[in-house]
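Here is the structure we will look at.
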Amino acid sequence: MSEPLFNKIALVGIGLIGSSLARVIRERNLAGTIAIASRSAETLSRARELALGDVYADSSAEAVREADLVIVSVPVGASGQVARDIADSLKPGAIVSDVGSTKKSVIEQMQPALPQSAHFIPGHPVAGTEHSGPDSGFSTLFDGRWCILTPLPGTDADALAALIGFWRACGSMVDRMDPDHHDLVLAIVSHLPQIIAYNIVGTADDLETVTKSEVIKYSASGFRDFTRLAASDPTMWRDVCLNNKDAILEMLSRFSEDLSSLQRAIRWGDGDKLFDLFSRTRQIRRSIIEAGQDVDAPNFGRHAAAEGQEGAE
Ligand code: NAP
């Protein structure tokens, strides 16, 4: 077996993303030692039962000691506290990265707390599911998915190359981006769809003229696809909304304007306008499939047997 990429990797936070990292690191022999820390004793003990690491530390400070690479996988609102907790225990030359869904705020929180002797390189794997916790991770989560790194000016080239090598070994393709641009791009491709899903599911839940049992019974007509997103972790998404406020508000106002225009087209029976938009959007779906970011199976490849039970609209 070839030498691991790092002697010791510390994973601070061992939920969906942290535990997927632990699994791929183990499977592809990317670290001599995997050290794990989590906020609660329950999650840490579950990580131990799942044999996700080699060392289970009582604190994040203890986990990062002697680590060459530290990856912080906690809700973005907690990243500043984690940086303060680990700062004094980092070995000189350690690479510190994160997986947070927002970048500007994570940098503002973590950078001032971390020592100059560590290489802080923020990151975001654009891969996930609506599940959370250490049981939900899997080693192929990052395969064929993009990981966006947002290195700060003056980042050490060797440290950056090592982190890029790490993510490639995890199966990802790696892009570099300015943190502000990252937050804007992710606001439209990830944060806005999430907010729309929370909103539509909330609206359906609040309706008085349509019963909850009808919403559930006929959900296969489209509603169900929103409920997958709306089932995501409330803490993670609360933090994303609070920590990418400006970009999300900007995208929401664009969205509201476009929705009003769609509303007008429906009100005035402007079929051409509706048809043009729906044709344009269909093309986007085709481009996503061509880029290998989804499969071309009907209904997102959902199981055919389940399909039969759903019936037609
Ligand atoms: P998760 O499954 O809910 O796990 C969260 C982890 O963070 C757990 O170890 C939890 O510890 C710990 N944690 C929670 N609150 C904390 C706090 N206040 N202080 C310190 N630690 C805390 O979350 P996840 O889905 O892996 O998400 C982790 C990060 O990845 C987030 O920043 C998220 O934005 C980002 N991300 C998520 C996805 C996705 O699809 N889920 C995709 C890309 C990036 P305990 O369980 O011990 O409390």
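Residue names in the structure tokens use chain letters A, B, ... in the order shown, residue numbers from 1 in each chain, and ligand numbers from 1 in the order shown.
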
Using only C-alpha atoms and all ligand atoms, which residues of the polymer chains come no farther than 7 Å from ligand 1? I'd like the answer as a PyMOL selection string. chain A and resi 13-18+38-44+73-76+78+82+99-102+124-134+233+236+240

Name the residues in contact with stretch 168-173 of chain A at a cut-off of 12 Å, using only C-alpha atoms, excluding same-chain residues fewer than 2 positions from it; report them as a compact mmCIF listing (two decimals) with all heavy atoms, in the first residue's frame.
# COMPACT_ATOMS: atom_id res chain seq x y z
N PRO A 4 0.40 7.08 3.16
CA PRO A 4 -0.73 8.00 3.26
C PRO A 4 -0.31 9.43 2.91
O PRO A 4 0.87 9.79 3.06
CB PRO A 4 -1.16 7.90 4.72
CG PRO A 4 -0.17 7.06 5.42
CD PRO A 4 0.75 6.44 4.43
N LEU A 5 -1.27 10.24 2.46
CA LEU A 5 -0.96 11.63 2.09
C LEU A 5 -0.54 12.45 3.31
O LEU A 5 0.31 13.33 3.23
CB LEU A 5 -2.19 12.31 1.48
CG LEU A 5 -2.62 11.92 0.07
CD1 LEU A 5 -3.83 12.75 -0.34
CD2 LEU A 5 -1.48 12.12 -0.90
N PHE A 6 -1.16 12.17 4.47
CA PHE A 6 -0.88 12.91 5.71
C PHE A 6 -0.63 11.93 6.85
O PHE A 6 -1.26 10.87 6.90
CB PHE A 6 -2.07 13.80 6.09
CG PHE A 6 -2.34 14.89 5.09
CD1 PHE A 6 -3.25 14.70 4.06
CD2 PHE A 6 -1.69 16.11 5.17
CE1 PHE A 6 -3.50 15.69 3.13
CE2 PHE A 6 -1.93 17.12 4.25
CZ PHE A 6 -2.84 16.91 3.23
N ILE A 17 -20.83 15.30 6.70
CA ILE A 17 -19.62 15.60 5.93
C ILE A 17 -18.38 15.02 6.63
O ILE A 17 -17.57 14.34 6.01
CB ILE A 17 -19.47 17.13 5.73
CG1 ILE A 17 -20.69 17.70 4.99
CG2 ILE A 17 -18.18 17.44 4.97
CD1 ILE A 17 -20.88 17.26 3.57
N SER A 20 -18.29 11.29 6.29
CA SER A 20 -18.00 10.87 4.91
C SER A 20 -16.50 11.00 4.67
O SER A 20 -15.87 10.14 4.03
CB SER A 20 -18.78 11.72 3.90
OG SER A 20 -20.16 11.49 4.03
N LEU A 21 -15.93 12.10 5.20
CA LEU A 21 -14.48 12.27 5.07
C LEU A 21 -13.74 11.13 5.78
O LEU A 21 -12.81 10.54 5.23
CB LEU A 21 -14.04 13.62 5.64
CG LEU A 21 -14.32 14.83 4.75
CD1 LEU A 21 -14.08 16.13 5.51
CD2 LEU A 21 -13.45 14.78 3.49
N ALA A 22 -14.16 10.83 7.01
CA ALA A 22 -13.50 9.76 7.76
C ALA A 22 -13.51 8.46 6.95
O ALA A 22 -12.51 7.76 6.86
CB ALA A 22 -14.21 9.56 9.11
N ARG A 23 -14.66 8.17 6.36
CA ARG A 23 -14.79 6.91 5.61
C ARG A 23 -13.89 6.89 4.38
O ARG A 23 -13.23 5.90 4.10
CB ARG A 23 -16.25 6.68 5.21
CG ARG A 23 -17.14 6.31 6.39
CD ARG A 23 -18.61 6.28 5.99
NE ARG A 23 -19.46 5.69 7.00
CZ ARG A 23 -20.17 6.38 7.91
NH1 ARG A 23 -20.12 7.70 7.92
NH2 ARG A 23 -20.92 5.76 8.79
N VAL A 24 -13.86 8.00 3.63
CA VAL A 24 -13.04 7.99 2.40
C VAL A 24 -11.55 8.04 2.75
O VAL A 24 -10.72 7.42 2.08
CB VAL A 24 -13.47 9.11 1.41
CG1 VAL A 24 -13.19 10.50 1.92
CG2 VAL A 24 -12.83 8.91 0.06
N ILE A 25 -11.21 8.74 3.84
CA ILE A 25 -9.80 8.80 4.27
C ILE A 25 -9.31 7.39 4.62
O ILE A 25 -8.23 6.97 4.22
CB ILE A 25 -9.63 9.76 5.49
CG1 ILE A 25 -9.87 11.21 5.07
CG2 ILE A 25 -8.25 9.61 6.12
CD1 ILE A 25 -10.05 12.19 6.22
N ARG A 26 -10.13 6.66 5.34
CA ARG A 26 -9.79 5.28 5.73
C ARG A 26 -9.70 4.39 4.50
O ARG A 26 -8.71 3.70 4.28
CB ARG A 26 -10.87 4.77 6.69
CG ARG A 26 -10.81 3.31 6.95
CD ARG A 26 -9.84 2.94 8.06
NE ARG A 26 -10.41 3.18 9.36
CZ ARG A 26 -9.73 3.70 10.40
NH1 ARG A 26 -8.48 4.03 10.25
NH2 ARG A 26 -10.30 3.87 11.55
N GLU A 27 -10.75 4.45 3.67
CA GLU A 27 -10.84 3.54 2.52
C GLU A 27 -9.69 3.75 1.53
O GLU A 27 -9.18 2.81 0.96
CB GLU A 27 -12.18 3.82 1.83
CG GLU A 27 -12.73 2.65 1.06
CD GLU A 27 -14.14 2.98 0.59
OE1 GLU A 27 -15.07 2.90 1.41
OE2 GLU A 27 -14.31 3.34 -0.59
N ARG A 28 -9.27 5.02 1.36
CA ARG A 28 -8.23 5.30 0.36
C ARG A 28 -6.87 5.55 1.01
O ARG A 28 -5.97 6.10 0.36
CB ARG A 28 -8.68 6.46 -0.53
CG ARG A 28 -9.98 6.09 -1.23
CD ARG A 28 -10.51 7.10 -2.22
NE ARG A 28 -11.90 6.74 -2.57
CZ ARG A 28 -12.73 7.46 -3.28
NH1 ARG A 28 -12.35 8.62 -3.77
NH2 ARG A 28 -13.95 7.04 -3.53
N ASN A 29 -6.76 5.23 2.30
CA ASN A 29 -5.49 5.34 3.03
C ASN A 29 -4.85 6.73 2.89
O ASN A 29 -3.69 6.86 2.52
CB ASN A 29 -4.52 4.25 2.50
CG ASN A 29 -3.27 4.15 3.33
OD1 ASN A 29 -3.32 4.32 4.55
ND2 ASN A 29 -2.14 3.91 2.69
N LEU A 30 -5.63 7.76 3.24
CA LEU A 30 -5.12 9.12 3.07
C LEU A 30 -4.46 9.66 4.34
O LEU A 30 -3.84 10.71 4.29
CB LEU A 30 -6.27 10.06 2.65
CG LEU A 30 -7.08 9.60 1.43
CD1 LEU A 30 -8.14 10.62 1.06
CD2 LEU A 30 -6.16 9.34 0.23
N ALA A 31 -4.59 8.92 5.47
CA ALA A 31 -3.96 9.39 6.71
C ALA A 31 -3.42 8.21 7.51
O ALA A 31 -4.04 7.14 7.53
CB ALA A 31 -5.00 10.13 7.57
N HIS A 124 -15.20 24.23 0.44
CA HIS A 124 -16.61 23.83 0.47
C HIS A 124 -16.85 22.73 -0.56
O HIS A 124 -16.88 23.01 -1.76
CB HIS A 124 -17.51 25.04 0.16
CG HIS A 124 -18.96 24.68 0.06
ND1 HIS A 124 -19.86 25.43 -0.67
CD2 HIS A 124 -19.68 23.67 0.59
CE1 HIS A 124 -21.06 24.88 -0.58
NE2 HIS A 124 -20.97 23.81 0.18
N PRO A 125 -17.03 21.48 -0.09
CA PRO A 125 -17.39 20.42 -1.04
C PRO A 125 -18.86 20.58 -1.42
O PRO A 125 -19.73 20.59 -0.53
CB PRO A 125 -17.16 19.13 -0.22
CG PRO A 125 -17.30 19.55 1.21
CD PRO A 125 -16.93 21.00 1.30
N VAL A 126 -19.13 20.73 -2.71
CA VAL A 126 -20.53 20.91 -3.13
C VAL A 126 -21.13 19.51 -3.33
O VAL A 126 -21.30 19.03 -4.45
CB VAL A 126 -20.62 21.78 -4.41
CG1 VAL A 126 -22.08 22.10 -4.73
CG2 VAL A 126 -19.82 23.06 -4.22
N ALA A 127 -21.38 18.88 -2.20
CA ALA A 127 -21.89 17.51 -2.20
C ALA A 127 -22.61 17.33 -0.88
O ALA A 127 -22.13 17.78 0.15
CB ALA A 127 -20.74 16.52 -2.27
N PHE A 138 -21.09 8.59 3.80
CA PHE A 138 -20.66 7.46 2.97
C PHE A 138 -19.43 7.87 2.18
O PHE A 138 -19.26 9.05 1.85
CB PHE A 138 -21.79 6.94 2.07
CG PHE A 138 -22.49 8.00 1.25
CD1 PHE A 138 -22.18 8.18 -0.08
CD2 PHE A 138 -23.46 8.82 1.83
CE1 PHE A 138 -22.82 9.16 -0.83
CE2 PHE A 138 -24.11 9.79 1.09
CZ PHE A 138 -23.78 9.97 -0.24
N SER A 139 -18.59 6.89 1.88
CA SER A 139 -17.25 7.20 1.35
C SER A 139 -17.26 7.76 -0.07
O SER A 139 -16.29 8.38 -0.49
CB SER A 139 -16.36 5.96 1.40
OG SER A 139 -16.88 4.99 0.53
N THR A 140 -18.35 7.55 -0.81
CA THR A 140 -18.36 8.01 -2.20
C THR A 140 -19.07 9.37 -2.36
O THR A 140 -19.30 9.82 -3.48
CB THR A 140 -19.07 6.98 -3.11
OG1 THR A 140 -20.35 6.70 -2.54
CG2 THR A 140 -18.27 5.68 -3.21
N LEU A 141 -19.38 10.02 -1.22
CA LEU A 141 -20.14 11.29 -1.29
C LEU A 141 -19.48 12.30 -2.23
O LEU A 141 -20.16 13.05 -2.93
CB LEU A 141 -20.29 11.89 0.12
CG LEU A 141 -20.98 13.25 0.18
CD1 LEU A 141 -22.44 13.17 -0.28
CD2 LEU A 141 -20.93 13.84 1.59
N PHE A 142 -18.14 12.34 -2.23
CA PHE A 142 -17.46 13.40 -2.97
C PHE A 142 -17.09 13.01 -4.41
O PHE A 142 -16.57 13.83 -5.16
CB PHE A 142 -16.20 13.82 -2.19
CG PHE A 142 -16.50 14.13 -0.75
CD1 PHE A 142 -16.08 13.27 0.26
CD2 PHE A 142 -17.24 15.25 -0.40
CE1 PHE A 142 -16.39 13.53 1.60
CE2 PHE A 142 -17.56 15.51 0.93
CZ PHE A 142 -17.12 14.66 1.94
N ASP A 143 -17.33 11.76 -4.76
CA ASP A 143 -16.94 11.29 -6.09
C ASP A 143 -17.62 12.10 -7.20
O ASP A 143 -18.86 12.17 -7.25
CB ASP A 143 -17.31 9.80 -6.28
CG ASP A 143 -16.27 8.88 -5.69
OD1 ASP A 143 -15.15 9.36 -5.38
OD2 ASP A 143 -16.56 7.68 -5.53
N GLY A 144 -16.81 12.67 -8.06
CA GLY A 144 -17.34 13.41 -9.21
C GLY A 144 -18.00 14.73 -8.87
O GLY A 144 -18.62 15.36 -9.71
N ARG A 145 -17.90 15.15 -7.59
CA ARG A 145 -18.49 16.43 -7.17
C ARG A 145 -17.39 17.48 -7.06
O ARG A 145 -16.24 17.17 -6.81
CB ARG A 145 -19.19 16.27 -5.81
CG ARG A 145 -20.30 15.25 -5.82
CD ARG A 145 -21.56 15.82 -6.47
NE ARG A 145 -22.56 14.80 -6.70
CZ ARG A 145 -22.89 14.33 -7.91
NH1 ARG A 145 -22.31 14.79 -8.99
NH2 ARG A 145 -23.82 13.41 -8.04
N TRP A 146 -17.78 18.73 -7.17
CA TRP A 146 -16.81 19.82 -7.07
C TRP A 146 -16.53 20.17 -5.62
O TRP A 146 -17.43 20.16 -4.78
CB TRP A 146 -17.34 21.07 -7.77
CG TRP A 146 -17.30 20.93 -9.26
CD1 TRP A 146 -18.34 20.56 -10.07
CD2 TRP A 146 -16.15 21.11 -10.09
NE1 TRP A 146 -17.90 20.50 -11.37
CE2 TRP A 146 -16.57 20.84 -11.42
CE3 TRP A 146 -14.83 21.47 -9.87
CZ2 TRP A 146 -15.71 20.92 -12.51
CZ3 TRP A 146 -13.97 21.55 -10.95
CH2 TRP A 146 -14.40 21.28 -12.24
N CYS A 147 -15.27 20.48 -5.35
CA CYS A 147 -14.93 21.09 -4.07
C CYS A 147 -14.35 22.47 -4.40
O CYS A 147 -13.41 22.57 -5.20
CB CYS A 147 -13.90 20.24 -3.31
SG CYS A 147 -13.46 21.02 -1.75
N ILE A 148 -14.94 23.50 -3.82
CA ILE A 148 -14.48 24.87 -4.10
C ILE A 148 -13.56 25.33 -2.97
O ILE A 148 -13.97 25.33 -1.81
CB ILE A 148 -15.68 25.84 -4.23
CG1 ILE A 148 -16.63 25.35 -5.33
CG2 ILE A 148 -15.19 27.26 -4.51
CD1 ILE A 148 -17.94 26.13 -5.42
N LEU A 149 -12.34 25.70 -3.31
CA LEU A 149 -11.42 26.26 -2.32
C LEU A 149 -11.38 27.77 -2.54
O LEU A 149 -11.41 28.25 -3.68
CB LEU A 149 -10.02 25.66 -2.47
CG LEU A 149 -9.93 24.14 -2.29
CD1 LEU A 149 -8.47 23.66 -2.43
CD2 LEU A 149 -10.48 23.70 -0.94
N ALA A 161 -1.42 23.07 -2.65
CA ALA A 161 -1.29 21.88 -3.51
C ALA A 161 -1.63 20.62 -2.71
O ALA A 161 -2.28 19.70 -3.23
CB ALA A 161 0.14 21.80 -4.06
N ALA A 162 -1.21 20.59 -1.44
CA ALA A 162 -1.50 19.40 -0.62
C ALA A 162 -3.00 19.26 -0.39
O ALA A 162 -3.55 18.15 -0.45
CB ALA A 162 -0.77 19.51 0.72
N LEU A 163 -3.69 20.39 -0.17
CA LEU A 163 -5.14 20.32 0.07
C LEU A 163 -5.88 19.93 -1.21
O LEU A 163 -6.83 19.15 -1.17
CB LEU A 163 -5.65 21.66 0.62
CG LEU A 163 -7.10 21.64 1.10
CD1 LEU A 163 -7.29 20.67 2.28
CD2 LEU A 163 -7.56 23.03 1.52
N ILE A 164 -5.41 20.47 -2.34
CA ILE A 164 -6.03 20.09 -3.62
C ILE A 164 -5.84 18.58 -3.84
O ILE A 164 -6.77 17.86 -4.22
CB ILE A 164 -5.41 20.91 -4.79
CG1 ILE A 164 -5.82 22.38 -4.66
CG2 ILE A 164 -5.82 20.33 -6.14
CD1 ILE A 164 -5.16 23.33 -5.66
N GLY A 165 -4.63 18.08 -3.54
CA GLY A 165 -4.35 16.65 -3.69
C GLY A 165 -5.27 15.82 -2.80
O GLY A 165 -5.75 14.76 -3.20
N PHE A 166 -5.52 16.33 -1.60
CA PHE A 166 -6.40 15.62 -0.66
C PHE A 166 -7.81 15.48 -1.25
O PHE A 166 -8.38 14.39 -1.29
CB PHE A 166 -6.45 16.36 0.69
CG PHE A 166 -7.51 15.83 1.60
CD1 PHE A 166 -7.34 14.64 2.29
CD2 PHE A 166 -8.71 16.53 1.77
CE1 PHE A 166 -8.33 14.14 3.13
CE2 PHE A 166 -9.71 16.03 2.61
CZ PHE A 166 -9.52 14.84 3.29
N ASP A 175 -12.09 23.41 -7.68
CA ASP A 175 -12.11 24.74 -8.28
C ASP A 175 -11.61 25.74 -7.25
O ASP A 175 -11.72 25.49 -6.05
CB ASP A 175 -13.55 25.13 -8.64
CG ASP A 175 -13.78 25.21 -10.13
OD1 ASP A 175 -12.79 25.14 -10.89
OD2 ASP A 175 -14.96 25.33 -10.53
N ARG A 176 -11.09 26.87 -7.72
CA ARG A 176 -10.71 27.96 -6.81
C ARG A 176 -11.61 29.14 -7.10
O ARG A 176 -11.93 29.41 -8.24
CB ARG A 176 -9.26 28.35 -7.07
CG ARG A 176 -8.29 27.35 -6.55
CD ARG A 176 -6.89 27.66 -6.98
NE ARG A 176 -6.44 28.95 -6.49
CZ ARG A 176 -5.16 29.33 -6.48
NH1 ARG A 176 -4.23 28.53 -6.95
NH2 ARG A 176 -4.81 30.49 -6.02
N GLY A 292 -22.55 15.64 -16.00
CA GLY A 292 -22.37 14.51 -15.08
C GLY A 292 -22.78 14.84 -13.65
O GLY A 292 -22.41 14.12 -12.72
N GLN A 293 -23.58 15.90 -13.45
CA GLN A 293 -23.99 16.26 -12.09
C GLN A 293 -25.36 15.69 -11.72
O GLN A 293 -25.87 15.93 -10.63
CB GLN A 293 -23.96 17.78 -11.90
CG GLN A 293 -22.56 18.37 -12.00
CD GLN A 293 -21.58 17.77 -10.98
OE1 GLN A 293 -21.80 17.83 -9.79
NE2 GLN A 293 -20.49 17.17 -11.46

Residues near stretch 107-119 of chain A, cut-off 12 Å, only C-alpha atoms, skip fewer than 3 positions along chain, as a ChimeraX atom specification: /A:64,66-72,76-104,122-123,149-163,178-180,183,243

Using the chain letters and numbers from this document, which residues of stretch 176-291 of chain A does DSSP assign to alpha helix (DSSP H), as a PyMOL selection string? chain A and resi 179-186+192-206+212-217+223-230+234-243+245-267+271-290

Near A:Ile195, counting only C-alpha atoms, which residues have an atom at most 9 Å away, once you skip same-chain residues fewer than 2 positions from it, shown as a PyMOL selection string? chain A and resi 190-193+197-200+229-230+237+241

Would you compute the distance between atom CA of A:Thr227 and atom CA of A:Gly202? Give it in Å to one decimal. 9.9 Å
